[in-house]
$ cat structure_26.txt   # compact mmCIF, C-alpha atoms
# COMPACT_ATOMS: atom_id res chain seq x y z
CA MET A 1300 -48.59 10.31 -178.55
CA PRO A 1301 -50.08 6.81 -178.69
CA VAL A 1302 -50.38 6.61 -182.48
CA PRO A 1303 -46.90 6.19 -183.99
CA ALA A 1304 -45.89 8.32 -186.95
CA TYR A 1305 -45.49 5.49 -189.41
CA THR A 1306 -49.18 4.55 -189.22
CA PHE A 1307 -50.10 7.95 -190.64
CA LEU A 1308 -47.41 7.58 -193.30
CA MET A 1309 -48.55 4.07 -194.22
CA LEU A 1310 -52.18 5.18 -194.45
CA SER A 1311 -51.00 8.00 -196.70
CA GLY A 1312 -49.09 5.53 -198.89
CA VAL A 1313 -52.09 3.22 -199.23
CA LEU A 1314 -54.40 6.11 -200.10
CA PHE A 1315 -51.90 7.33 -202.69
CA THR A 1316 -51.75 3.87 -204.22
CA MET A 1317 -55.53 3.67 -204.43
CA GLY A 1318 -55.61 7.03 -206.17
CA ALA A 1319 -52.95 5.84 -208.61
CA ILE A 1320 -54.91 2.66 -209.37
CA GLY A 1321 -58.02 4.71 -210.04
CA PHE A 1322 -56.06 7.10 -212.22
CA LEU A 1323 -54.78 4.24 -214.36
CA VAL A 1324 -57.96 2.18 -214.49
CA ARG A 1325 -60.86 4.63 -214.77
CA ARG A 1326 -61.66 6.21 -218.12
CA ASN A 1327 -64.09 9.00 -217.31
CA PRO A 1328 -61.97 12.18 -217.22
CA LEU A 1329 -63.92 13.56 -214.25
CA VAL A 1330 -63.23 10.43 -212.22
CA VAL A 1331 -59.59 10.55 -213.28
CA PHE A 1332 -59.47 14.05 -211.83
CA MET A 1333 -61.02 12.83 -208.60
CA CYS A 1334 -58.30 10.19 -208.35
CA ILE A 1335 -55.67 12.91 -208.74
CA GLU A 1336 -57.35 14.73 -205.85
CA LEU A 1337 -57.16 11.52 -203.83
CA MET A 1338 -53.41 11.31 -204.44
CA LEU A 1339 -52.89 14.96 -203.51
CA ASN A 1340 -54.87 14.40 -200.31
CA ALA A 1341 -52.69 11.44 -199.41
CA VAL A 1342 -49.58 13.57 -199.84
CA ASN A 1343 -51.16 16.25 -197.66
CA LEU A 1344 -51.68 13.67 -194.93
CA ALA A 1345 -48.00 12.73 -195.09
CA PHE A 1346 -47.03 16.41 -194.89
CA ALA A 1347 -49.26 17.00 -191.88
CA ALA A 1348 -47.91 13.91 -190.10
CA GLU A 1349 -44.36 15.05 -190.78
CA SER A 1350 -45.20 18.45 -189.39
CA ARG A 1351 -46.71 17.06 -186.21
CA TYR A 1352 -44.11 14.44 -185.38
CA LEU A 1353 -41.06 16.56 -186.19
CA ASN A 1354 -42.46 19.66 -184.45
CA SER A 1355 -42.03 21.68 -187.61
CA LEU A 1356 -44.31 23.98 -189.58
CA ASP A 1357 -42.91 23.15 -193.03
CA GLY A 1358 -45.32 20.29 -193.62
CA VAL A 1359 -48.42 22.31 -192.79
CA VAL A 1360 -47.31 25.19 -195.02
CA PHE A 1361 -46.54 22.86 -197.92
CA ALA A 1362 -49.87 21.07 -197.50
CA PHE A 1363 -51.56 24.47 -197.69
CA LEU A 1364 -49.69 25.25 -200.91
CA VAL A 1365 -50.65 21.83 -202.30
CA ILE A 1366 -54.32 22.60 -201.59
CA THR A 1367 -53.95 25.88 -203.49
CA VAL A 1368 -52.25 24.26 -206.47
CA ALA A 1369 -54.91 21.54 -206.54
CA ALA A 1370 -57.65 24.19 -206.68
CA ALA A 1371 -55.93 25.88 -209.64
CA GLU A 1372 -55.45 22.54 -211.37
CA VAL A 1373 -59.11 21.59 -210.95
CA VAL A 1374 -60.29 24.91 -212.38
CA VAL A 1375 -58.27 24.56 -215.60
CA GLY A 1376 -58.88 20.82 -215.92
CA ILE A 1377 -62.65 21.13 -215.61
CA ALA A 1378 -62.67 23.98 -218.12
CA ILE A 1379 -60.88 21.71 -220.59
CA ILE A 1380 -63.29 18.83 -219.88
CA VAL A 1381 -66.29 21.09 -220.47
CA GLN A 1382 -64.77 22.29 -223.75
CA VAL A 1383 -64.18 18.73 -224.89
CA TYR A 1384 -67.74 17.87 -224.01
CA ARG A 1385 -69.08 20.91 -225.88
CA ALA A 1386 -67.09 19.81 -228.92
CA GLY A 1387 -69.28 16.70 -228.88
CA ARG A 1388 -66.65 14.18 -228.06
CA GLN A 1389 -67.00 11.17 -225.83
CA MET A 1390 -66.30 11.33 -222.10
CA ASP A 1391 -63.63 8.66 -222.34
CA VAL A 1392 -59.92 9.26 -222.01
CA ASP A 1393 -59.19 6.34 -224.33
CA GLU A 1394 -61.14 7.96 -227.17
CA LEU A 1395 -59.53 11.39 -226.81
CA ASP A 1396 -56.55 10.91 -229.08
CA LEU A 1397 -56.83 13.94 -231.36
CA MET A 1398 -53.35 15.15 -230.43
CA LYS A 1399 -51.85 11.86 -231.61
CA GLU A 1400 -52.62 12.53 -235.27
CA MET B 256 -56.65 8.05 -179.76
CA VAL B 257 -55.69 4.72 -181.29
CA VAL B 258 -59.30 3.63 -181.56
CA GLY B 259 -60.26 6.95 -183.13
CA PHE B 260 -57.41 6.69 -185.59
CA ALA B 261 -58.43 3.14 -186.53
CA ILE B 262 -62.01 4.20 -187.16
CA VAL B 263 -61.02 7.18 -189.30
CA ALA B 264 -58.39 5.14 -191.18
CA ALA B 265 -60.97 2.46 -192.01
CA TRP B 266 -63.35 5.21 -193.11
CA GLU B 267 -60.65 6.64 -195.37
CA LEU B 268 -59.91 3.28 -196.99
CA VAL B 269 -63.59 2.48 -197.56
CA THR B 270 -64.38 5.86 -199.11
CA ALA B 271 -61.23 5.74 -201.25
CA ALA B 272 -62.38 2.35 -202.54
CA GLY B 273 -65.69 4.02 -203.30
CA VAL B 274 -63.95 6.76 -205.30
CA ILE B 275 -62.25 4.28 -207.59
CA GLY B 276 -64.90 1.55 -207.51
CA PHE B 277 -68.36 3.04 -208.10
CA ARG B 278 -69.51 3.13 -211.69
CA ARG B 279 -71.56 6.33 -211.60
CA PRO B 280 -69.50 9.54 -211.35
CA ILE B 281 -71.86 11.15 -208.83
CA TYR B 282 -71.21 8.31 -206.38
CA ASN B 283 -67.48 8.76 -206.94
CA ALA B 284 -67.83 12.45 -206.14
CA LEU B 285 -69.84 11.84 -202.97
CA SER B 286 -67.32 9.21 -201.84
CA LEU B 287 -64.57 11.76 -202.38
CA VAL B 288 -66.43 14.29 -200.22
CA ALA B 289 -66.64 11.70 -197.45
CA ASN B 290 -62.96 10.90 -197.92
CA MET B 291 -61.96 14.55 -197.62
CA LEU B 292 -64.03 15.05 -194.49
CA GLY B 293 -62.35 12.03 -192.92
CA LEU B 294 -58.99 13.46 -193.89
CA ALA B 295 -59.96 16.71 -192.19
CA VAL B 296 -60.56 14.73 -189.00
CA LEU B 297 -57.08 13.23 -189.38
CA PHE B 298 -55.65 16.74 -189.70
CA LEU B 299 -57.40 17.62 -186.47
CA MET B 300 -55.81 14.59 -184.80
CA LEU B 301 -52.44 15.81 -186.08
CA ASN B 302 -52.92 19.19 -184.37
CA ALA B 303 -53.26 21.05 -187.70
CA GLN B 304 -56.42 23.06 -187.12
CA PHE B 305 -55.69 25.48 -189.94
CA LEU B 306 -55.34 22.64 -192.45
CA PHE B 307 -58.59 21.18 -191.10
CA ALA B 308 -60.44 24.41 -191.89
CA ALA B 309 -58.74 24.78 -195.28
CA GLN B 310 -59.53 21.19 -196.16
CA VAL B 311 -63.21 21.53 -195.29
CA ILE B 312 -63.65 24.92 -196.98
CA VAL B 313 -61.48 24.57 -200.09
CA TYR B 314 -61.69 20.86 -200.85
CA ALA B 315 -64.94 19.55 -199.44
CA GLY B 316 -66.58 22.91 -200.11
CA ALA B 317 -65.37 24.63 -203.25
CA VAL B 318 -63.66 21.93 -205.30
CA MET B 319 -66.24 19.22 -204.74
CA VAL B 320 -69.14 21.63 -205.38
CA LEU B 321 -67.47 22.34 -208.72
CA PHE B 322 -67.21 18.61 -209.44
CA VAL B 323 -70.84 17.95 -208.54
CA PHE B 324 -71.99 20.93 -210.62
CA ILE B 325 -70.08 19.68 -213.65
CA ILE B 326 -71.44 16.16 -213.19
CA ALA B 327 -74.96 17.56 -213.00
CA LEU B 328 -74.30 19.74 -216.06
CA LEU B 329 -72.71 17.16 -218.32
CA ASN B 330 -74.56 14.09 -217.01
CA PRO B 331 -71.74 11.77 -218.06
CA VAL B 332 -72.59 8.16 -218.79
CA SER B 333 -71.42 5.70 -216.21
CA ASP B 334 -68.02 4.21 -216.73
CA LEU B 335 -68.13 1.15 -218.91
CA SER B 336 -64.67 -0.08 -218.05
CA LEU B 337 -65.91 -2.54 -215.44
CA GLY B 338 -67.82 -4.61 -217.92
CA ARG B 339 -66.10 -4.10 -221.22
CA ARG B 340 -62.50 -4.54 -220.19
CA GLY B 341 -61.90 -6.35 -216.93
CA GLY B 342 -58.19 -6.93 -217.46
CA GLU B 343 -57.11 -3.43 -216.54
CA TRP B 344 -58.72 -3.78 -213.12
CA VAL B 345 -56.85 -7.02 -212.48
CA TRP B 346 -53.52 -5.55 -213.49
CA GLY B 347 -54.26 -2.36 -211.60
CA ALA B 348 -54.99 -4.34 -208.42
CA VAL B 349 -51.90 -6.55 -208.79
CA PHE B 350 -49.43 -3.73 -209.38
CA GLY B 351 -51.25 -1.50 -206.89
CA VAL B 352 -50.82 -4.08 -204.11
CA ILE B 353 -47.13 -4.53 -205.00
CA PHE B 354 -46.60 -0.77 -204.98
CA ALA B 355 -48.50 -0.28 -201.74
CA VAL B 356 -46.53 -3.03 -199.98
CA LEU B 357 -43.22 -1.56 -201.14
CA LEU B 358 -44.26 1.93 -200.09
CA ALA B 359 -45.59 0.82 -196.71
CA ALA B 360 -42.44 -1.24 -196.03
CA LEU B 361 -40.27 1.75 -196.90
CA LEU B 362 -42.27 4.11 -194.69
CA TYR B 363 -42.38 1.60 -191.84
CA ASN B 364 -38.63 1.01 -191.89
CA ARG B 365 -37.48 4.56 -192.43
CA GLY B 366 -40.14 6.50 -190.54
CA LEU B 367 -39.40 10.13 -189.83
CA THR B 368 -35.69 10.63 -189.33
CA GLY B 369 -35.46 14.40 -189.65
CA LYS B 370 -34.22 16.73 -186.96
CA PRO B 371 -37.12 17.89 -184.76
CA GLY B 372 -37.92 21.57 -184.85
CA THR B 373 -39.07 23.97 -182.18
CA PHE B 374 -42.79 24.10 -182.97
CA THR B 375 -44.08 21.70 -180.33
CA PRO B 376 -47.85 21.65 -179.75
CA GLU B 377 -47.31 23.68 -176.58
CA ALA B 378 -45.30 26.33 -178.44
CA ILE B 379 -47.97 26.55 -181.15
CA GLY B 380 -50.74 26.59 -178.57
CA ALA B 381 -49.16 29.51 -176.74
CA VAL B 382 -49.39 31.74 -179.84
CA GLY B 383 -52.28 30.11 -181.67
CA ASN B 384 -52.30 27.75 -184.63
CA VAL B 385 -53.47 30.18 -187.31
CA GLN B 386 -51.18 32.95 -186.06
CA THR B 387 -48.14 30.66 -186.11
CA ILE B 388 -48.84 29.47 -189.64
CA GLY B 389 -49.62 33.00 -190.82
CA ILE B 390 -46.31 34.28 -189.48
CA ALA B 391 -44.46 31.42 -191.18
CA LEU B 392 -46.33 31.96 -194.46
CA TYR B 393 -45.53 35.66 -194.69
CA THR B 394 -41.95 35.58 -193.46
CA ARG B 395 -40.09 32.37 -194.16
CA PHE B 396 -42.31 31.09 -196.98
CA LEU B 397 -43.05 34.42 -198.63
CA PHE B 398 -41.64 33.45 -202.03
CA PRO B 399 -43.64 30.19 -202.39
CA VAL B 400 -46.78 32.05 -201.37
CA GLU B 401 -46.17 34.70 -204.03
CA VAL B 402 -45.49 32.06 -206.69
CA THR B 403 -48.68 30.25 -205.73
CA SER B 404 -50.70 33.46 -205.96
CA VAL B 405 -49.35 34.05 -209.47
CA LEU B 406 -50.30 30.46 -210.33
CA LEU B 407 -53.85 31.09 -209.10
CA LEU B 408 -54.05 34.21 -211.27
CA VAL B 409 -52.83 32.29 -214.32
CA ALA B 410 -55.35 29.53 -213.64
CA ALA B 411 -58.21 32.02 -213.38
CA VAL B 412 -57.20 33.72 -216.64
CA GLY B 413 -56.82 30.36 -218.35
CA ALA B 414 -60.23 29.17 -217.19
CA VAL B 415 -61.89 32.36 -218.47
CA TYR B 416 -60.09 32.02 -221.79
CA LEU B 417 -61.12 28.39 -222.15
CA ALA B 418 -64.71 29.21 -221.26
CA MET B 419 -64.92 32.01 -223.85
CA ARG B 420 -63.35 30.07 -226.69
CA ARG B 421 -65.42 27.55 -228.61
CA ILE B 422 -63.45 24.75 -230.16
CA ARG B 423 -64.86 22.81 -233.09
$ encode --input "structure_26.txt" --output "structure tokens"
Amino acid sequence: MPVPAYTFLMLSGVLFTMGAIGFLVRRNPLVVFMCIELMLNAVNLAFAAESRYLNSLDGVVFAFLVITVAAAEVVVGIAIIVQVYRAGRQMDVDELDLMKE
Amino acid sequence: MVVGFAIVAAWELVTAAGVIGFRRPIYNALSLVANMLGLAVLFLMLNAQFLFAAQVIVYAGAVMVLFVFIIALLNPVSDLSLGRRGGEWVWGAVFGVIFAVLLAALLYNRGLTGKPGTFTPEAIGAVGNVQTIGIALYTRFLFPVEVTSVLLLVAAVGAVYLAMRRIR
């Protein structure tokens, strides 16, 4: 295997960091969700690399479960975003502070 | 192999920068589609054909179609954070670079130190990738699979409930 395992892990770490930056910096809730997907994808890459280089199936199975959980999370999250939008509020996570009061 | 990995890794980094950098949400979504397809290629390089198919079908197919539909439905205004408040981008970049360096140093030094298992590519190839994963899913990982299926059911019920209810 010419590509060593740590390159996959480092790529995964950098992608995770970029997702985290986007999550903290962006303010559109849809884009925030996309950044969460980016982080989940990075973790999936680490799982798959672990699975390949340790000759184990655990990583692949857990990545599959992560994909499933991400699908469930997106369904509920987008339903909430649509409800917030229908309530006539702004698409800005900084302005959505109703629960604070 | 190394050249292919370098190309796909560069593709991943560029599209990830597009996800967090573009101002219009539709460009973010399209960048994320490109990112997920590149990740599927990486899965293929890692001998995980089942994950490749799941990634393309579930993520790049279903999830991103949902995102693009919602963007087309709501037509959200482009993010104003680039112009109005620049400071958060600076701080995000600074702490992001620090975090990435720490994480990469940790992963480079530690690597994968676990005990290797028995599922070598030859052993998986003899039975078939999907068959091997299916057997593992329904024997050793039966409980996580059941929990995840319950989670999917709860999510579907919750989405229907949220869609029916009209908040003020």
$ residues_around --input "structure_26.txt" --residues "B:Ala272" --least-positions-apart "6" --cutoff "12 Å" --atoms "all atoms listed in the file" --output "compact mmCIF listing (two decimals) with C-alpha atoms, in the frame of the given file"
# COMPACT_ATOMS: atom_id res chain seq x y z
CA VAL A 1313 -52.09 3.22 -199.23
CA LEU A 1314 -54.40 6.11 -200.10
CA PHE A 1315 -51.90 7.33 -202.69
CA THR A 1316 -51.75 3.87 -204.22
CA MET A 1317 -55.53 3.67 -204.43
CA GLY A 1318 -55.61 7.03 -206.17
CA ALA A 1319 -52.95 5.84 -208.61
CA ILE A 1320 -54.91 2.66 -209.37
CA GLY A 1321 -58.02 4.71 -210.04
CA CYS A 1334 -58.30 10.19 -208.35
CA LEU A 1337 -57.16 11.52 -203.83
CA ALA B 265 -60.97 2.46 -192.01
CA TRP B 266 -63.35 5.21 -193.11
CA ARG B 278 -69.51 3.13 -211.69
CA TYR B 282 -71.21 8.31 -206.38
CA ASN B 283 -67.48 8.76 -206.94
CA SER B 286 -67.32 9.21 -201.84
CA LEU B 287 -64.57 11.76 -202.38
CA ALA B 289 -66.64 11.70 -197.45
CA ASN B 290 -62.96 10.90 -197.92
CA ALA B 348 -54.99 -4.34 -208.42
$ interface_residues --input "structure_26.txt" --of "chain A" --to "chain B" --cutoff "8 Å" --atoms "only C-alpha atoms" --output "VMD selection string"
chain A and resid 1301 to 1302 1304 to 1306 1308 to 1310 1312 to 1314 1316 to 1321 1323 to 1327 1329 to 1330 1333 to 1334 1337 1340 1344 1347 to 1349 1351 to 1356 1359 to 1360 1362 to 1364 1366 to 1368 1370 to 1375 1377 to 1379 1381 to 1382 1384 1386 1390
$ atom_distance --input "structure_26.txt" --atom1 "atom CA of B:Leu285" --atom2 "atom CA of B:Gly273"
8.9 Å
$ atom_distance --input "structure_26.txt" --atom1 "atom CA of A:Ser1350" --atom2 "atom CA of B:Asn384"
12.6 Å
$ atom_distance --input "structure_26.txt" --atom1 "atom CA of B:Leu292" --atom2 "atom CA of B:Ala308"
10.4 Å
$ closest_residue --input "structure_26.txt" --among "A:Phe1361, A:Lys1399, A:Gly1376, A:Arg1385" --to "A:Val1331" --atoms "only C-alpha atoms"
A:Gly1376
$ build_atoms --input "structure_26.txt" --residues "stretch 381-393 of chain B" --atoms "N, CA and C atoms" --output "PDB file, in the frame of the given file"
ATOM      1  N   ALA B 381     -49.360  28.263-177.466  1.00  0.00           N
ATOM      2  CA  ALA B 381     -49.160  29.510-176.740  1.00  0.00           C
ATOM      3  C   ALA B 381     -49.460  30.717-177.627  1.00  0.00           C
ATOM      4  N   VAL B 382     -49.153  30.612-178.930  1.00  0.00           N
ATOM      5  CA  VAL B 382     -49.390  31.740-179.840  1.00  0.00           C
ATOM      6  C   VAL B 382     -50.725  31.584-180.551  1.00  0.00           C
ATOM      7  N   GLY B 383     -51.075  30.351-180.885  1.00  0.00           N
ATOM      8  CA  GLY B 383     -52.280  30.110-181.670  1.00  0.00           C
ATOM      9  C   GLY B 383     -51.893  29.503-183.008  1.00  0.00           C
ATOM     10  N   ASN B 384     -52.663  28.503-183.431  1.00  0.00           N
ATOM     11  CA  ASN B 384     -52.300  27.750-184.630  1.00  0.00           C
ATOM     12  C   ASN B 384     -52.291  28.626-185.872  1.00  0.00           C
ATOM     13  N   VAL B 385     -53.377  29.380-186.088  1.00  0.00           N
ATOM     14  CA  VAL B 385     -53.470  30.180-187.310  1.00  0.00           C
ATOM     15  C   VAL B 385     -52.420  31.282-187.313  1.00  0.00           C
ATOM     16  N   GLN B 386     -52.185  31.891-186.135  1.00  0.00           N
ATOM     17  CA  GLN B 386     -51.180  32.950-186.060  1.00  0.00           C
ATOM     18  C   GLN B 386     -49.800  32.403-186.392  1.00  0.00           C
ATOM     19  N   THR B 387     -49.464  31.244-185.845  1.00  0.00           N
ATOM     20  CA  THR B 387     -48.140  30.660-186.110  1.00  0.00           C
ATOM     21  C   THR B 387     -47.949  30.403-187.591  1.00  0.00           C
ATOM     22  N   ILE B 388     -48.966  29.792-188.220  1.00  0.00           N
ATOM     23  CA  ILE B 388     -48.840  29.470-189.640  1.00  0.00           C
ATOM     24  C   ILE B 388     -48.823  30.743-190.468  1.00  0.00           C
ATOM     25  N   GLY B 389     -49.609  31.740-190.076  1.00  0.00           N
ATOM     26  CA  GLY B 389     -49.620  33.000-190.820  1.00  0.00           C
ATOM     27  C   GLY B 389     -48.258  33.678-190.777  1.00  0.00           C
ATOM     28  N   ILE B 390     -47.640  33.672-189.589  1.00  0.00           N
ATOM     29  CA  ILE B 390     -46.310  34.280-189.480  1.00  0.00           C
ATOM     30  C   ILE B 390     -45.313  33.533-190.356  1.00  0.00           C
ATOM     31  N   ALA B 391     -45.384  32.189-190.342  1.00  0.00           N
ATOM     32  CA  ALA B 391     -44.460  31.420-191.180  1.00  0.00           C
ATOM     33  C   ALA B 391     -44.707  31.677-192.663  1.00  0.00           C
ATOM     34  N   LEU B 392     -46.006  31.772-193.043  1.00  0.00           N
ATOM     35  CA  LEU B 392     -46.330  31.960-194.460  1.00  0.00           C
ATOM     36  C   LEU B 392     -45.797  33.284-194.988  1.00  0.00           C
ATOM     37  N   TYR B 393     -45.868  34.334-194.173  1.00  0.00           N
ATOM     38  CA  TYR B 393     -45.530  35.660-194.690  1.00  0.00           C
ATOM     39  C   TYR B 393     -44.132  36.102-194.323  1.00  0.00           C
TER      40      TYR B 393
END
